[in-house]
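Written out below as structure tokens is the structure these notes cover.
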Amino acid sequence: MKYTSFIWDFDGTLFDSYPHVIAAFEAVMSRDKMEFSHDDLCRALYISYGECRRQFGISDEQYAEILALESDFAHRPAVTPFAGTAAVLRAVVESGGKNYLYTHRNRLAWTYLRLFGLDKYFSGGVDGTMGFPFKPAPDAMKHILSINSIDPEAAVMIGDREIDVLAGVNAGVDGCLFKSHPIEGDNTCAAYTVFSMNELAAVLDIPLGDGDILTEEAADMIRKEASSAALELCEAAKLSEGSLVVVGCSSSEITGERIGSSSSPEAAKAVFDGLRDVFFPRGIHMAAQCCEHLNRALIVDRTLAETRGYEIMNVVPMPKAGGAFAWTMWKELDCPAAVCEIKADAGLDIGGTLIGMHLRRVAVPLRLSQKAIGHASLSAARVRAPFTGGERAVYDGTLM
């Protein structure tokens with residue numbers, strides 16, 4: 001690697017959080033009938049929250065409401081790591097380097113890192129609660145360098161704004177501009193300019209293994225495999241409009257890791273897309289089973305939950321507490337809800353997640369020609385009406 005210490009900005013660099021933040025500002029400003037354009041609001045926010053408040057005359061009371069919304073994990077669109085973030089952070093650590101955080105955001109940044117299982121890759125850093133002057137002042141950077149005994153020549157500051165880069169340069173540290181949004185111009189003092197985590201790893205010589213970052217081709221293959229399994233399930237289980245399918249999915253297993261060890265939002269999204277393409281046009285409902293940390297709760301459409309009288313749970317799934325697939329389902333549905341239990345008409349188990357508890361009696365194993373999705377084994381089941389009676393009983397063949 002070209003460096004041994006990697007100092008990361010949070011918003012717009014590690015996490016695609018701007019859509020979530022912008023939505024919080026727009027919700028309060030629209031409610032109060034303030035005049036603004038979406039583009040102007042974006043430009044102001046890319047500079048700073050303070051610039052946005054100044055430009056649009058946002059009061060202290062309004063700002064408090066905005067921060068409350070912005071800190072609400074259920075407020076959508078959700079805050080999401082950029083594709084490849086986990087792989088790059090992990091590769092830095094596995095190669096003997098260290099990651100540090102430098103953000104103006106409060107402690108919520110650390111919470112997001114923990115909820116996505118990324119906190120273990122960080123050796124420390126600075127957040128907005130520590131009272132340092134804002135970027136591009138070098139004070140916080142110098143603190144990180146000093147307290148961690150980092151040689152400035154062995155460090156790089158990575159951020160999505162020129163002020164991030166300047167904070168590093170002003171402390172004698174090289175800068176890398178991560179252009180995740182179109183606001184920043186081409187003029188920069190950064191030593192490197194990149195547009196993705198894959199490109200960042202290549203430019204900074206961070207060694208990634210084959211498959212560490214899910215390629216578009218691999219994601220497309222996962223999507224096709226999921227669609228193929230869904231189509232077979234529809235036919236074998238005789239699913240029709242109104243049927244309910246429970247799906248358990250280990251994104252870790254899909255990417256060749258042990259279940260629960262390495263959640264992949266990208267793999268989970270590919271599976272969701274593949275299943276949605278088949279189920280939703282047919283009017284078939286889908287329930288995403290959460291992991292054992294949420295006691296196998298399920299994510300479904302809220303209207304379905306209310307119509308069927310399911311008990312709604314107060315929880316928002318996250319990749320490390322619920323699973324990447326359940327989190328994706330929550331993120332992608334227009335109005336999601338977590339429910340305690342269901343009795344599904346069929347099920348798909350991707351990676352050995354154990355979905356039997358949410359199937360109706362009596363479950364019947366299905367042998368699909370699609371045996372796996374990615375590296376994860378695939379099993380499926382349908383249900384049938386329980387038989388009753390003895391040797392004199394006559395049965396309805398349509399219920400077999």
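Going by the structure tokens order, chains are called A, B, ..., each with residues numbered from 1, while ligands are numbered from 1 in the order shown.
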
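Within stretch 105-214 of chain A, residues classed as strand (DSSP E or B) by DSSP on backbone coordinates are Phe122, Ser123, Gly124, Gly125, Val126, Ala155, Val156, Met157, Ile158, Gly159, Asp174, Gly175, Cys176, Leu177, Phe178, Tyr192, Thr193 and Val194 of chain A.
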
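If you count only C-alpha atoms and ignore residues fewer than 5 places along the chain from A:Asp72, what sits within 12 Å of it is His20, Val21, Ala23, Ala24, Glu65, Ile66, Leu67, Pro77, Ala78, Val79, Leu108, Thr111, Tyr112, Val315 and Val316 of chain A.
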
Write the residues of the selection above to a file with C-alpha atoms, as an mmCIF file, in the first residue's frame.
```
data_model
loop_
_atom_site.group_PDB
_atom_site.id
_atom_site.type_symbol
_atom_site.label_atom_id
_atom_site.label_comp_id
_atom_site.auth_asym_id
_atom_site.auth_seq_id
_atom_site.Cartn_x
_atom_site.Cartn_y
_atom_site.Cartn_z
ATOM 1 C CA HIS A 20 -31.108 11.076 3.930
ATOM 2 C CA VAL A 21 -29.890 14.443 5.228
ATOM 3 C CA ALA A 23 -34.791 14.616 2.922
ATOM 4 C CA ALA A 24 -34.745 15.700 6.574
ATOM 5 C CA GLU A 65 -36.420 19.201 14.293
ATOM 6 C CA ILE A 66 -34.217 18.558 11.269
ATOM 7 C CA LEU A 67 -31.497 16.970 13.414
ATOM 8 C CA PRO A 77 -34.060 7.297 2.219
ATOM 9 C CA ALA A 78 -31.726 5.242 4.380
ATOM 10 C CA VAL A 79 -28.065 5.988 4.997
ATOM 11 C CA LEU A 108 -24.002 9.102 15.218
ATOM 12 C CA THR A 111 -23.233 4.303 15.551
ATOM 13 C CA TYR A 112 -23.617 3.821 11.801
ATOM 14 C CA VAL A 315 -37.634 -2.238 15.296
ATOM 15 C CA VAL A 316 -35.665 -1.062 12.267
#
```

Legend entry - Neighbour list for stretch 295-310 of chain A as a ChimeraX atom specification, cut-off 6 Å, only C-alpha atoms, skip fewer than 4 positions in-chain: /A:287-291,335-340

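In this model, the gap between atom CA of A:Ala140 and atom CA of A:Met157 comes to 11.8 Å.
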
Legend entry - For A:His375: contacts at 6 Å, only C-alpha atoms, fewer than 3 positions along chain excluded, given as a VMD selection string: chain A and resid 254 to 256

Inset, instruction - Excluding A:Gly168 and residues on its chain fewer than 3 positions from it, collect all residues at most 8 Å away from it, counting only C-alpha atoms, and give them as a list in words. - result: Pro136, Pro138, Met141, Val156, Met157, Asp164, Val165, Ala171, Gly172, Val173, Asp174 and Gly175 of chain A

Residues as selected, all heavy atoms, written as a compact mmCIF listing (two decimals), in the first residue's frame, can you do that?
```
# COMPACT_ATOMS: atom_id res chain seq x y z
N PRO A 136 -11.34 23.57 6.60
CA PRO A 136 -10.04 22.93 6.33
C PRO A 136 -8.95 23.22 7.37
O PRO A 136 -7.77 23.01 7.10
CB PRO A 136 -9.64 23.55 4.98
CG PRO A 136 -10.22 24.92 5.03
CD PRO A 136 -11.51 24.80 5.79
N PRO A 138 -6.35 22.59 10.16
CA PRO A 138 -5.60 21.34 10.33
C PRO A 138 -5.59 20.80 11.75
O PRO A 138 -5.00 19.75 12.00
CB PRO A 138 -4.19 21.74 9.90
CG PRO A 138 -4.07 23.16 10.34
CD PRO A 138 -5.45 23.77 10.14
N MET A 141 -6.72 17.17 12.34
CA MET A 141 -5.79 16.27 11.66
C MET A 141 -4.50 16.12 12.46
O MET A 141 -3.98 15.02 12.65
CB MET A 141 -5.48 16.80 10.26
CG MET A 141 -6.57 16.54 9.24
SD MET A 141 -6.75 14.78 8.85
CE MET A 141 -5.12 14.40 8.26
N VAL A 156 -2.94 9.42 4.45
CA VAL A 156 -3.71 10.05 3.39
C VAL A 156 -5.09 10.40 3.96
O VAL A 156 -5.68 9.62 4.70
CB VAL A 156 -3.84 9.14 2.15
CG1 VAL A 156 -4.51 7.82 2.49
CG2 VAL A 156 -4.58 9.85 1.02
N MET A 157 -5.59 11.60 3.62
CA MET A 157 -6.92 12.04 4.02
C MET A 157 -7.86 11.84 2.84
O MET A 157 -7.60 12.33 1.73
CB MET A 157 -6.90 13.51 4.43
CG MET A 157 -8.27 14.10 4.72
SD MET A 157 -9.02 13.40 6.20
CE MET A 157 -10.77 13.70 5.88
N ASP A 164 -12.15 18.72 2.91
CA ASP A 164 -11.59 17.51 3.52
C ASP A 164 -10.14 17.33 3.11
O ASP A 164 -9.25 17.07 3.94
CB ASP A 164 -12.40 16.28 3.08
CG ASP A 164 -13.84 16.32 3.49
OD1 ASP A 164 -14.12 16.73 4.63
OD2 ASP A 164 -14.70 15.96 2.67
N VAL A 165 -9.92 17.47 1.81
CA VAL A 165 -8.56 17.34 1.27
C VAL A 165 -7.64 18.40 1.87
O VAL A 165 -6.52 18.10 2.30
CB VAL A 165 -8.60 17.46 -0.27
CG1 VAL A 165 -7.18 17.50 -0.83
CG2 VAL A 165 -9.38 16.30 -0.88
N ALA A 171 -2.10 19.89 7.12
CA ALA A 171 -1.38 19.19 8.19
C ALA A 171 -0.22 18.37 7.64
O ALA A 171 0.37 17.56 8.37
CB ALA A 171 -2.35 18.29 8.96
N GLY A 172 0.10 18.55 6.35
CA GLY A 172 1.22 17.84 5.75
C GLY A 172 0.88 16.44 5.28
O GLY A 172 1.78 15.61 5.10
N VAL A 173 -0.43 16.18 5.06
CA VAL A 173 -0.90 14.85 4.67
C VAL A 173 -1.45 14.90 3.24
O VAL A 173 -2.15 15.85 2.88
CB VAL A 173 -2.00 14.36 5.64
CG1 VAL A 173 -2.66 13.08 5.13
CG2 VAL A 173 -1.43 14.14 7.03
N ASP A 174 -1.14 13.90 2.44
CA ASP A 174 -1.69 13.84 1.08
C ASP A 174 -3.21 13.71 1.14
O ASP A 174 -3.77 13.15 2.08
CB ASP A 174 -1.11 12.64 0.32
CG ASP A 174 0.31 12.89 -0.15
OD1 ASP A 174 0.75 14.05 -0.12
OD2 ASP A 174 0.97 11.91 -0.55
N GLY A 175 -3.87 14.20 0.08
CA GLY A 175 -5.33 14.14 0.02
C GLY A 175 -5.81 13.31 -1.14
O GLY A 175 -5.18 13.26 -2.21
```

Legend entry - Spatial neighbours of A:Val362, 9 Å, only C-alpha atoms, chain gap at least 6 places, as number ranges by chain: A: 382-386

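Taking atom CA of A:Ala376 and atom CA of A:Phe272 as the two end points, the separation is 14.8 Å.
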
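Across A:Ala372, A:Phe116, A:Glu341, A:Pro281, the tightest approach to A:Ala324 is made by A:Phe116 when counting only C-alpha atoms.
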
Legend entry - Residue neighbourhood A:Gly128, 9 Å, only C-alpha atoms, exclusion window fewer than 4 positions, as a list in words: Tyr102, Thr103, His104, Arg105, Asn106, Arg107, Phe132 and Phe134 of chain A

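Of note, atom CA of A:Asn170 and atom CA of A:Ser146 are spaced 14.6 Å apart.
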
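Remark: for A:Asp40, the closest of the candidate residues A:Ala91, A:Ile183, A:Leu378, A:Met329 is A:Ile183 (distances computed over only C-alpha atoms).
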
Inset, instruction - Enumerate, as number ranges by chain, the complete set of residues in stretch 236-352 of chain A that a backbone-based DSSP assignment places in helix (DSSP H, G or I). - result: A: 236, 251-254, 265-282, 292-294, 302-308, 324-332

Find the nearest atom pair between each residue of stretch 214-237 of chain A and stretch 262-270 of chain A for residues within 6 Å, count only C-alpha atoms, give distances in Å to one decimal, sort rows by chain and ascending number, and present the table as JSON lines.
```
{"residue": "A:Ala219", "atom": "CA", "partner": "A:Ala270", "partner_atom": "CA", "distance": 5.6}
{"residue": "A:Ile222", "atom": "CA", "partner": "A:Ala270", "partner_atom": "CA", "distance": 6.0}
{"residue": "A:Arg223", "atom": "CA", "partner": "A:Ala270", "partner_atom": "CA", "distance": 4.8}
```

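Nearest to A:Arg276 of all the residues A:Glu332, A:Glu235, A:Glu257, A:Glu217 is A:Glu332, counting only C-alpha atoms.
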